[in-house]
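Peer 1: Quick one, query_32.tsv (TSV, C-alpha atoms):
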chain	number	residue	atom	x	y	z
S	130	MET	CA	-11.45	-3.90	-36.57
S	131	ARG	CA	-10.88	-0.58	-34.86
S	132	LEU	CA	-14.03	-1.05	-32.75
S	133	THR	CA	-12.80	-4.48	-31.65
S	134	LYS	CA	-9.47	-2.98	-30.59
S	135	ILE	CA	-11.24	-0.25	-28.59
S	136	ARG	CA	-13.39	-2.86	-26.86
S	137	ALA	CA	-10.30	-4.89	-25.99
S	138	GLN	CA	-8.65	-1.80	-24.52
S	139	MET	CA	-11.78	-1.05	-22.49
S	140	VAL	CA	-11.80	-4.60	-21.11
S	141	LEU	CA	-8.15	-4.24	-20.11
S	142	LEU	CA	-8.82	-0.85	-18.54
S	143	LEU	CA	-11.73	-2.25	-16.55
S	144	SER	CA	-9.65	-5.23	-15.42
S	145	ALA	CA	-6.99	-2.80	-14.17
S	146	ILE	CA	-9.45	-0.61	-12.28
S	147	LEU	CA	-11.69	-3.30	-10.76
S	148	PRO	CA	-9.29	-4.82	-8.18
S	149	VAL	CA	-8.43	-1.34	-6.87
S	150	ALA	CA	-12.12	-0.46	-6.56
S	151	ILE	CA	-12.95	-3.71	-4.73
S	152	ILE	CA	-10.24	-3.24	-2.10
S	153	LEU	CA	-11.14	0.42	-1.56
S	154	TYR	CA	-14.79	-0.51	-1.10
S	155	PHE	CA	-13.91	-3.17	1.46
S	156	ILE	CA	-11.71	-0.77	3.45
S	157	TYR	CA	-14.25	2.07	3.30
S	158	ARG	CA	-17.22	-0.14	4.17
S	159	ASN	CA	-15.66	-1.27	7.45
S	160	ASP	CA	-15.11	2.27	8.72
S	161	ILE	CA	-17.44	2.95	11.65
S	162	LYS	CA	-17.47	6.73	11.20
S	163	LYS	CA	-17.10	7.32	7.49
S	164	GLU	CA	-14.35	9.67	6.36
S	165	PRO	CA	-15.24	12.64	4.11
S	166	TRP	CA	-15.00	11.84	0.42
S	167	GLN	CA	-13.14	15.09	-0.25
S	168	LEU	CA	-10.27	13.95	1.96
S	169	LEU	CA	-10.33	10.39	0.62
S	170	LEU	CA	-10.21	11.66	-2.96
S	171	LYS	CA	-7.36	14.00	-2.04
S	172	CYS	CA	-5.38	11.05	-0.67
S	173	PHE	CA	-6.20	8.92	-3.70
S	174	GLY	CA	-5.40	11.74	-6.12
S	175	PHE	CA	-2.03	12.55	-4.60
S	176	GLY	CA	-1.31	8.83	-4.53
S	177	MET	CA	-1.97	8.80	-8.27
S	178	PHE	CA	0.22	11.81	-9.00
S	179	SER	CA	3.05	10.37	-6.89
S	180	ILE	CA	3.76	8.10	-9.86
S	181	ILE	CA	5.48	11.09	-11.56
S	182	PRO	CA	8.16	11.83	-8.93
S	183	THR	CA	8.47	8.07	-8.38
S	184	ILE	CA	9.41	7.49	-12.01
S	185	ILE	CA	11.92	10.35	-11.95
S	186	ILE	CA	13.57	9.23	-8.70
S	187	GLU	CA	13.66	5.59	-9.79
S	188	MET	CA	15.29	6.55	-13.08
S	189	ILE	CA	18.02	8.40	-11.17
S	190	LEU	CA	18.52	5.55	-8.69
S	191	ASN	CA	18.70	3.02	-11.52
S	192	LEU	CA	21.80	4.82	-12.79
S	193	GLY	CA	23.58	3.41	-9.75
S	194	ASN	CA	22.44	-0.13	-10.44
S	195	VAL	CA	25.66	-1.26	-12.12
S	196	PHE	CA	25.86	-4.62	-10.36
S	197	HIS	CA	26.60	-7.68	-12.51
S	198	SER	CA	25.27	-10.18	-9.98
S	199	SER	CA	21.58	-10.86	-10.62
S	200	PHE	CA	21.09	-11.29	-6.87
S	201	VAL	CA	22.55	-7.88	-5.99
S	202	HIS	CA	20.90	-6.26	-9.01
S	203	SER	CA	17.49	-7.58	-7.95
S	204	PHE	CA	18.12	-6.63	-4.32
S	205	TYR	CA	19.04	-3.03	-5.21
S	206	THR	CA	16.08	-2.65	-7.55
S	207	ALA	CA	13.58	-4.18	-5.12
S	208	PHE	CA	14.63	-2.47	-1.89
S	209	ILE	CA	16.22	0.82	-2.98
S	210	VAL	CA	14.69	1.72	-6.33
S	211	ALA	CA	11.15	0.42	-5.78
S	212	GLY	CA	10.51	-0.23	-2.08
S	213	PHE	CA	12.27	2.80	-0.64
S	214	THR	CA	11.09	5.31	-3.23
S	215	GLU	CA	7.45	4.27	-3.48
S	216	GLU	CA	6.80	3.80	0.24
S	217	LEU	CA	8.63	7.00	1.18
S	218	LEU	CA	6.51	9.09	-1.17
S	219	LYS	CA	3.33	7.41	0.05
S	220	PHE	CA	4.36	8.06	3.66
S	221	LEU	CA	5.16	11.73	3.02
S	222	ILE	CA	1.83	12.28	1.26
S	223	LEU	CA	-0.06	10.53	4.04
S	224	TYR	CA	1.71	12.44	6.80
S	225	TRP	CA	1.25	15.78	5.02
S	226	ILE	CA	-2.46	15.38	4.33
S	227	ILE	CA	-3.67	13.34	7.27
S	228	PHE	CA	-1.52	13.26	10.38
S	229	LYS	CA	-2.62	16.60	11.86
S	230	SER	CA	-6.12	16.54	10.37
S	231	LYS	CA	-9.07	16.79	12.77
S	232	ARG	CA	-10.79	14.07	10.76
S	233	PHE	CA	-8.07	11.63	11.82
S	234	ASP	CA	-9.84	10.86	15.10
S	235	GLN	CA	-10.09	7.06	15.15
S	236	TYR	CA	-7.55	4.25	14.94
S	237	TYR	CA	-8.99	2.71	11.77
S	238	ASP	CA	-8.76	6.09	10.01
S	239	GLY	CA	-5.00	5.63	9.58
S	240	ILE	CA	-5.58	2.41	7.66
S	241	VAL	CA	-8.34	3.93	5.52
S	242	TYR	CA	-6.31	6.95	4.44
S	243	ALA	CA	-3.10	4.97	3.95
S	244	VAL	CA	-4.82	2.43	1.69
S	245	PHE	CA	-6.38	5.22	-0.37
S	246	VAL	CA	-2.94	6.80	-0.89
S	247	SER	CA	-1.32	3.44	-1.63
S	248	LEU	CA	-3.98	2.33	-4.08
S	249	GLY	CA	-3.98	5.73	-5.78
S	250	PHE	CA	-0.42	4.90	-6.77
S	251	ALA	CA	-1.32	1.28	-7.60
S	252	PHE	CA	-4.25	2.50	-9.73
S	253	VAL	CA	-2.02	4.34	-12.20
S	254	GLU	CA	0.73	1.72	-12.08
S	255	ASN	CA	-1.76	-1.06	-12.73
S	256	ILE	CA	-3.29	0.67	-15.74
S	257	ILE	CA	0.16	1.19	-17.27
S	258	TYR	CA	1.25	-2.42	-16.79
S	259	VAL	CA	-2.07	-3.97	-17.83
S	260	LEU	CA	-2.42	-1.94	-21.03
S	261	GLN	CA	1.11	-2.99	-21.94
S	262	GLY	CA	0.98	-6.62	-20.81
S	263	GLY	CA	-2.57	-7.70	-21.57
S	264	ILE	CA	-5.11	-9.82	-19.73
S	265	GLY	CA	-2.52	-12.20	-18.27
S	266	THR	CA	-0.82	-9.27	-16.57
S	267	ALA	CA	-4.20	-8.00	-15.38
S	268	VAL	CA	-5.01	-11.31	-13.69
S	269	GLY	CA	-1.56	-11.65	-12.11
S	270	ARG	CA	-1.56	-8.11	-10.75
S	271	ALA	CA	-5.16	-8.38	-9.51
S	272	ILE	CA	-4.18	-11.41	-7.44
S	273	LEU	CA	-0.75	-10.24	-6.26
S	274	SER	CA	0.48	-6.70	-6.90
S	275	VAL	CA	-2.63	-4.62	-6.25
S	276	PRO	CA	-3.53	-6.43	-2.98
S	277	ALA	CA	0.14	-6.15	-1.96
S	278	HIS	CA	0.01	-2.36	-2.29
S	279	GLY	CA	-3.15	-2.40	-0.20
S	280	LEU	CA	-1.48	-4.58	2.45
S	281	PHE	CA	1.53	-2.26	2.60
S	282	GLY	CA	-0.96	0.56	3.11
S	283	VAL	CA	-2.63	-1.26	6.01
S	284	ILE	CA	0.73	-1.66	7.74
S	285	MET	CA	1.60	1.99	7.19
S	286	GLY	CA	-1.78	3.19	8.40
S	287	TYR	CA	-1.77	0.97	11.48
S	288	PHE	CA	1.52	2.38	12.75
S	289	LEU	CA	0.52	5.91	11.76
S	290	SER	CA	-2.49	5.56	14.05
S	291	LEU	CA	-0.28	4.29	16.86
S	292	ALA	CA	1.85	7.40	16.44
S	293	LYS	CA	-1.18	9.70	16.22
S	294	PHE	CA	-2.67	8.49	19.49
S	295	SER	CA	0.60	7.99	21.38
S	296	ASP	CA	2.23	10.29	23.90
S	297	VAL	CA	4.17	13.11	22.26
S	298	GLU	CA	7.57	11.65	23.16
S	299	LYS	CA	6.65	8.31	21.54
S	300	ILE	CA	5.37	9.67	18.22
S	301	LYS	CA	8.72	9.46	16.40
S	302	HIS	CA	9.24	5.86	17.52
S	303	LYS	CA	5.86	4.88	16.05
S	304	LEU	CA	6.23	6.93	12.85
S	305	PHE	CA	9.47	5.22	11.84
S	306	PRO	CA	7.89	1.73	11.56
S	307	ALA	CA	5.05	3.30	9.55
S	308	PHE	CA	7.59	3.85	6.78
S	309	LEU	CA	10.21	1.18	7.48
S	310	LEU	CA	7.99	-1.92	7.64
S	311	PRO	CA	6.04	-1.27	4.39
S	312	MET	CA	9.34	-0.49	2.68
S	313	LEU	CA	10.90	-3.77	3.86
S	314	PHE	CA	7.87	-5.88	2.96
S	315	HIS	CA	7.66	-4.14	-0.42
S	316	GLY	CA	11.32	-4.86	-1.00
S	317	VAL	CA	11.00	-8.55	-0.11
S	318	PHE	CA	7.91	-8.87	-2.32
S	319	ASP	CA	9.63	-7.34	-5.33
S	320	PHE	CA	12.94	-9.12	-4.71
S	321	ILE	CA	11.38	-12.57	-4.76
S	322	LEU	CA	9.61	-11.86	-8.04
S	323	MET	CA	12.61	-10.13	-9.65
S	324	TYR	CA	15.27	-12.62	-8.62
S	325	GLY	CA	12.95	-15.53	-9.34
S	326	SER	CA	12.61	-14.34	-12.94
S	327	THR	CA	16.40	-14.35	-13.45
S	328	THR	CA	17.64	-17.48	-11.70
S	329	GLN	CA	17.77	-20.85	-13.47
S	330	SER	CA	18.27	-22.94	-10.33
S	331	PRO	CA	15.23	-25.17	-9.56
S	332	THR	CA	16.22	-25.22	-5.88
S	333	ILE	CA	16.34	-21.43	-5.60
S	334	ILE	CA	13.08	-21.10	-7.53
S	335	LEU	CA	11.41	-23.54	-5.12
S	336	LEU	CA	12.79	-21.67	-2.09
S	337	LEU	CA	11.64	-18.36	-3.49
S	338	PHE	CA	8.19	-19.77	-4.20
S	339	VAL	CA	7.84	-21.09	-0.64
S	340	SER	CA	9.14	-17.77	0.72
S	341	PHE	CA	6.64	-15.86	-1.39
S	342	VAL	CA	3.71	-17.96	-0.19
S	343	LEU	CA	4.79	-17.49	3.43
S	344	LEU	CA	5.21	-13.75	2.86
S	345	MET	CA	1.69	-13.37	1.46
S	346	ILE	CA	0.20	-15.41	4.32
S	347	LEU	CA	2.06	-13.24	6.82
S	348	LEU	CA	0.93	-10.01	5.15
S	349	TRP	CA	-2.72	-11.07	4.96
S	350	LYS	CA	-2.81	-12.35	8.54
S	351	PHE	CA	-1.14	-9.20	9.86
S	352	ALA	CA	-3.43	-6.90	7.87
S	353	ILE	CA	-6.67	-8.67	8.82
S	354	ARG	CA	-5.66	-8.83	12.47
S	355	LYS	CA	-4.77	-5.13	12.63
S	356	ILE	CA	-7.93	-4.11	10.79
S	357	LYS	CA	-10.06	-6.07	13.26
S	358	ASN	CA	-8.03	-4.70	16.16
S	359	ASP	CA	-8.48	-1.05	15.14
S	360	ILE	CA	-12.19	-1.49	14.42
S	361	ALA	CA	-12.68	-3.11	17.83
S	362	ILE	CA	-10.86	-0.22	19.56
S	363	ASP	CA	-12.97	2.35	17.71
S	364	LYS	CA	-16.21	0.53	18.58
S	365	ASN	CA	-15.21	0.36	22.22
S	366	ASN	CA	-14.27	4.06	22.26
S	367	SER	CA	-17.59	4.95	20.60
S	368	LYS	CA	-19.52	3.03	23.26
S	369	GLU	CA	-17.61	4.81	26.02
S	370	GLU	CA	-18.30	8.21	24.42
S	371	ASN	CA	-22.01	7.43	24.13
S	372	THR	CA	-22.08	6.29	27.76
S	373	VAL	CA	-20.50	9.55	28.90
S	374	ILE	CA	-22.90	11.63	26.77
S	375	ASN	CA	-25.97	9.74	28.02
S	376	SER	CA	-24.90	9.74	31.68
Taking this structure as input, can you express it in the form of structure tokens?
Peer 2:
Amino acid sequence: MRLTKIRAQMVLLLSAILPVAIILYFIYRNDIKKEPWQLLLKCFGFGMFSIIPTIIIEMILNLGNVFHSSFVHSFYTAFIVAGFTEELLKFLILYWIIFKSKRFDQYYDGIVYAVFVSLGFAFVENIIYVLQGGIGTAVGRAILSVPAHGLFGVIMGYFLSLAKFSDVEKIKHKLFPAFLLPMLFHGVFDFILMYGSTTQSPTIILLLFVSFVLLMILLWKFAIRKIKNDIAIDKNNSKEENTVINS
């Protein structure tokens, strides 16, 4: 009986880890000039440990969530408690470790490092939720929540790269969207799920469902387009560098 329980826990643990590993492999595989594993593991590790200050800050912010309206309650939780806190900590970690690093020398690098930070956080969060909720939670989060964290990371990394390779006076203008846009998308993502679980109105549920589908399509299209865009820029820059060296 005990062995069966251990096996079940191992299956759940594997189901929590696998979607994170798949996304990280996809992001890493597409990097033209591979980033050093030491730096990637540092990003992933600090992303993992960010769960601790996140929990503390969210507990404090939740003290202010005294709203009786389920709409306002969900909005505050999604945008302020979750979206703001989680994306801010990811952004600060990413900026601290990566922004001035010499290894951050290509456009796609911003996406790579940002996804590793983002999924470091999602890795721990996913294990906690899956071990508590079971295989149904594992499937739902593998399809929605874990990819969403990765997509938020792509957005953050894309704008971080724009800031990195911009003129000095434009850096601040590019850095702000690197935090703001993932925070807003994160907030919308969480709000739809949170408010949808509280409302009893079929009309609102239908509207939220349609909005959620459109949101996921938008996120995926944006992420894939920006990944392809950055890879194309890096390939073009590499060709130009090789031409100069060989000339």
Peer 1: Taking into account all atoms listed in the file, which residue in the set S:Thr206, S:Val342, S:Lys231, S:Gly282 is nearest to Lys355 (chain S)?
Peer 2: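 Smallest distance to Lys355 (chain S) is found for S:Gly282.
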Peer 1: Residues within 10 Å of Phe196 (chain S), please, as a PyMOL selection string. Count only C-alpha atoms; anything in the same chain fewer than 6 positions from it doesn't count.
Peer 2: chain S and resi 202-203+205
Peer 1: Mind listing as a PyMOL selection string all residues within 7 Å of (20.9, -15.0, -6.1), counting only C-alpha atoms?
Peer 2: chain S and resi 199-200+324+328
Peer 1: Near Tyr237 (chain S), within 8 Å and counting all atoms listed in the file, which residues show up once chain neighbours fewer than 5 positions away are dropped, as a PyMOL selection string?
Peer 2: chain S and resi 160+286-287+290+356+359-360+363
Peer 1: For Gly176 (chain S), which of S:Leu221, S:Ile362, S:Ala145, S:Leu280 is the closest residue, counting all atoms listed in the file?
Peer 2: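 Smallest distance to Gly176 (chain S) is found for S:Leu221.
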Peer 1: My list of candidates is S:Trp166, S:Phe341, S:Phe220, S:Tyr154. Which is closest to Phe288 (chain S) when distances are computed with only C-alpha atoms?
Peer 2: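 Under the stated criterion, the closest residue is S:Phe220.
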Peer 1: Counting all atoms listed in the file, which residue out of S:Val253, S:Met345, S:Leu223, S:Ala292 sits closest to Ile184 (chain S)?
Peer 2: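 Result for the nearest residue to Ile184 (chain S): S:Val253.
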Peer 1: Mind pulling up the distance from CA of Met285 (chain S) to CA of Ile240 (chain S)?
Peer 2: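 Separating CA of Ile240 (chain S) from CA of Met285 (chain S) is a distance of 7.2 Å.
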Peer 1: Could you state the separation of CA of Trp225 (chain S) and CA of Leu147 (chain S) in Å, given to one decimal place?
Peer 2: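 Taking CA of Trp225 (chain S) and CA of Leu147 (chain S), their separation equals 27.9 Å.
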Peer 1: Which residues come within 9 Å of Leu168 (chain S), counting all atoms listed in the file, excluding same-chain residues fewer than 6 positions away, as a PyMOL selection string?
Peer 2: chain S and resi 226-227+232+242
Peer 1: Counting all atoms listed in the file, what is within 12 Å of Ile257 (chain S), bar same-chain residues fewer than 6 positions away, as a list of chain:residue names?
Peer 2: S:Gln138, S:Leu141, S:Leu142, S:Ser144, S:Ala145, S:Ile146, S:Met177, S:Ile180, S:Phe250, S:Ala251, S:Gly263, S:Thr266, S:Ala267, S:Arg270
Peer 1: Taking 6 positions as the minimum chain separation for residues in the same chain, which residues sit within 9 Å of Phe228 (chain S) when counting all atoms listed in the file? Answer as a PyMOL selection string.
Peer 2: chain S and resi 239+289-290+293
Peer 1: Could you pull region 153-195 of chain S out of the block above and give me N, CA and C atoms, as a compact mmCIF listing (two decimals), in the first residue's frame?
Peer 2:
# COMPACT_ATOMS: atom_id res chain seq x y z
N LEU S 153 11.47 24.20 -21.83
CA LEU S 153 12.87 24.64 -21.72
C LEU S 153 13.73 24.05 -22.83
N TYR S 154 13.48 22.79 -23.15
CA TYR S 154 14.24 22.15 -24.23
C TYR S 154 13.97 22.83 -25.56
N PHE S 155 12.72 23.14 -25.83
CA PHE S 155 12.35 23.80 -27.08
C PHE S 155 13.04 25.17 -27.19
N ILE S 156 12.99 25.94 -26.11
CA ILE S 156 13.61 27.27 -26.11
C ILE S 156 15.12 27.17 -26.28
N TYR S 157 15.74 26.27 -25.56
CA TYR S 157 17.20 26.11 -25.61
C TYR S 157 17.66 25.59 -26.97
N ARG S 158 16.91 24.65 -27.53
CA ARG S 158 17.30 24.04 -28.80
C ARG S 158 17.37 25.06 -29.93
N ASN S 159 16.52 26.07 -29.90
CA ASN S 159 16.45 27.04 -30.98
C ASN S 159 17.49 28.17 -30.87
N ASP S 160 18.28 28.14 -29.82
CA ASP S 160 19.31 29.17 -29.65
C ASP S 160 20.48 28.87 -30.59
N ILE S 161 20.85 29.84 -31.41
CA ILE S 161 21.93 29.66 -32.37
C ILE S 161 23.26 29.45 -31.67
N LYS S 162 23.58 30.37 -30.77
CA LYS S 162 24.81 30.28 -29.98
C LYS S 162 24.40 29.95 -28.55
N LYS S 163 24.58 28.70 -28.18
CA LYS S 163 24.06 28.21 -26.91
C LYS S 163 24.63 28.98 -25.71
N GLU S 164 23.73 29.27 -24.77
CA GLU S 164 24.13 29.97 -23.55
C GLU S 164 24.77 29.00 -22.57
N PRO S 165 25.68 29.49 -21.72
CA PRO S 165 26.35 28.60 -20.75
C PRO S 165 25.37 28.04 -19.73
N TRP S 166 25.50 26.76 -19.46
CA TRP S 166 24.57 26.11 -18.53
C TRP S 166 24.63 26.70 -17.12
N GLN S 167 25.84 27.18 -16.74
CA GLN S 167 25.95 27.78 -15.41
C GLN S 167 25.01 28.98 -15.26
N LEU S 168 24.94 29.80 -16.30
CA LEU S 168 24.09 30.98 -16.26
C LEU S 168 22.62 30.61 -16.37
N LEU S 169 22.32 29.61 -17.19
CA LEU S 169 20.94 29.16 -17.32
C LEU S 169 20.43 28.56 -16.00
N LEU S 170 21.28 27.77 -15.37
CA LEU S 170 20.90 27.17 -14.09
C LEU S 170 20.76 28.23 -13.00
N LYS S 171 21.57 29.27 -13.07
CA LYS S 171 21.46 30.37 -12.12
C LYS S 171 20.10 31.07 -12.28
N CYS S 172 19.73 31.32 -13.53
CA CYS S 172 18.42 31.94 -13.79
C CYS S 172 17.29 31.03 -13.31
N PHE S 173 17.38 29.76 -13.64
CA PHE S 173 16.35 28.81 -13.25
C PHE S 173 16.27 28.68 -11.73
N GLY S 174 17.44 28.61 -11.09
CA GLY S 174 17.48 28.46 -9.64
C GLY S 174 16.90 29.66 -8.91
N PHE S 175 17.27 30.86 -9.34
CA PHE S 175 16.70 32.04 -8.69
C PHE S 175 15.22 32.18 -9.00
N GLY S 176 14.80 31.71 -10.18
CA GLY S 176 13.38 31.66 -10.47
C GLY S 176 12.66 30.76 -9.50
N MET S 177 13.27 29.63 -9.18
CA MET S 177 12.69 28.70 -8.20
C MET S 177 12.58 29.35 -6.82
N PHE S 178 13.67 29.94 -6.37
CA PHE S 178 13.69 30.51 -5.02
C PHE S 178 12.83 31.76 -4.89
N SER S 179 12.45 32.35 -6.03
CA SER S 179 11.58 33.54 -5.97
C SER S 179 10.19 33.20 -5.44
N ILE S 180 9.88 31.90 -5.38
CA ILE S 180 8.59 31.49 -4.85
C ILE S 180 8.45 31.90 -3.38
N ILE S 181 9.59 31.98 -2.66
CA ILE S 181 9.56 32.31 -1.23
C ILE S 181 9.15 33.76 -1.00
N PRO S 182 9.87 34.75 -1.58
CA PRO S 182 9.41 36.13 -1.40
C PRO S 182 8.04 36.37 -2.03
N THR S 183 7.73 35.63 -3.10
CA THR S 183 6.41 35.77 -3.73
C THR S 183 5.31 35.42 -2.75
N ILE S 184 5.45 34.30 -2.06
CA ILE S 184 4.44 33.87 -1.10
C ILE S 184 4.29 34.89 0.02
N ILE S 185 5.40 35.41 0.51
CA ILE S 185 5.37 36.39 1.60
C ILE S 185 4.66 37.67 1.16
N ILE S 186 5.07 38.19 -0.02
CA ILE S 186 4.47 39.44 -0.51
C ILE S 186 2.99 39.24 -0.82
N GLU S 187 2.65 38.11 -1.40
CA GLU S 187 1.24 37.86 -1.74
C GLU S 187 0.38 37.72 -0.48
N MET S 188 0.94 37.14 0.56
CA MET S 188 0.21 37.05 1.83
C MET S 188 -0.08 38.44 2.38
N ILE S 189 0.90 39.33 2.30
CA ILE S 189 0.72 40.70 2.78
C ILE S 189 -0.31 41.44 1.94
N LEU S 190 -0.20 41.32 0.61
CA LEU S 190 -1.13 41.99 -0.28
C LEU S 190 -2.56 41.47 -0.13
N ASN S 191 -2.67 40.19 0.18
CA ASN S 191 -4.01 39.60 0.35
C ASN S 191 -4.74 40.17 1.57
N LEU S 192 -3.99 40.74 2.51
CA LEU S 192 -4.62 41.37 3.66
C LEU S 192 -5.48 42.57 3.23
N GLY S 193 -5.11 43.16 2.10
CA GLY S 193 -5.87 44.30 1.60
C GLY S 193 -7.02 43.91 0.69
N ASN S 194 -7.17 42.61 0.46
CA ASN S 194 -8.24 42.16 -0.42
C ASN S 194 -9.52 41.95 0.40
N VAL S 195 -10.16 43.06 0.75
CA VAL S 195 -11.35 43.02 1.60
C VAL S 195 -12.63 43.30 0.79
